[in-house]
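Right, one structure below, let's go through it.
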Amino acid sequence: MSAGAPVNDAVQVYLALGRINRLLRRSSGPGELSPGAASALASLVRGGRMRQGDLAGLEQVAAPTMSRIVAVLEEQGHVRREADPEDGRAALVTATASGEALVTGVTSVRTRELSEVLDRLTATQRRGLLAGLGALEESFRS
């Protein structure tokens with residue numbers, strides 16, 4: 001690509017998301033979660049207790065991947081796993097109080113840093129960003 005050539009929208013969004021993610025990873029404190037673990041935990045906080053397989057489907061990851069994510073979250077005390085009384089082969093996963101606190105930003109360094117950056121945007125910029133991100137994420141799910 002030559003200097004000054006227009007960058008297509010997909011490339012621009014991809015690169016911006018990568019840079020933002022990299023910058024937020026640098027600000028990690030001890031015990032910060034991977035993006036996949038953070039997303040799964042947030043889904044549990046929003047959706048309540050669910051089967052591990054349903055969580056994998058919601059997060060669009062394979063069952064073994066979700067099993068590893070849940071094991072790490074359980075080891076860190078952010079979720080509790082128990083046998084499903086309706087199906088002994090399935091596990092129900094629930095966010096703990098520490099998991100809920102992490103998702104709500106009470107203890108997350110990354111979330112606090114991102115919040116500070118978002119606070120510097122105008123209300124119009126912030127609304128546009130949130131609307132665009134919501135639409136983009138929904139497009140991936142459909």
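Order determines the names: the first chain of the structure tokens is A, the second B, and so forth; residues in each chain are numbered 1 upward, and ligands are numbered 1 upward as they are shown.
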Report as a PyMOL selection string all protein, DNA and RNA residues lying within 8 Å of segment 59-61 of chain A, evaluated on only C-alpha atoms, omitting residues in the same chain fewer than 3 positions from it. chain A and resi 39-40+55-56+65-66
Can you spit out the residues from that selection as a compact mmCIF listing (two decimals), in the first residue's frame, using C-alpha atoms?
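As written to disk, result.txt reads:
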```txt
# COMPACT_ATOMS: atom_id res chain seq x y z
CA SER A 39 -16.45 -12.16 28.31
CA ALA A 40 -17.61 -15.50 29.71
CA LEU A 55 -22.15 -20.65 27.98
CA ALA A 56 -19.83 -22.07 25.31
CA THR A 65 -12.18 -24.10 25.34
CA MET A 66 -15.01 -23.14 27.70
```
Residues at most 8 Å from Ala90 of chain A, counting only C-alpha atoms, excluding those fewer than 3 positions away in the same chain, as JSON, numbers by chain? {"A": [51, 52, 53, 83, 84, 87]}
Residue list (strand (DSSP E), DSSP) for segment 18-124 of chain A, as a count of residues only: 17
Within segment 12-134 of chain A, find each residue whose DSSP state, derived from the backbone, is helix (DSSP H, G or I), and express the selection as a ChimeraX atom specification. /A:12-26,35-47,52-59,63-75,97-103,109-119,123-134
For atom CA of Gly57 of chain A and atom CA of Asp9 of chain A, the interatomic separation in Å (one decimal):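 For atom CA of Gly57 of chain A relative to atom CA of Asp9 of chain A, the distance reads 28.8 Å.
The shell of residues at most 10 Å from Ala95 of chain A, with only C-alpha atoms counted and near chain neighbours (fewer than 4 positions) removed, consists of Ala40, Leu41, Ala42, Ser43, Leu44, Val45, Arg46, Gly47, Gly48, Arg49, Met50, Leu73, Glu74, Gly77, His78, Val79, Arg80, Arg81, Gly99, Glu100, Ala101 and Val103 of chain A.
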Just to confirm, what's the straight-line distance from atom CA of Leu24 of chain A to atom CA of Leu114 of chain A in Å (one decimal)? 7.6 Å
Distance of atom CA of Ala135 of chain A from atom CA of Val13 of chain A, expressed in Å to one decimal place: 13.5 Å
Leaving out Leu23 of chain A and any residue of its chain fewer than 5 positions from it, which residues lie within 10 Å of it when counting only C-alpha atoms, given as a count of residues only? 6
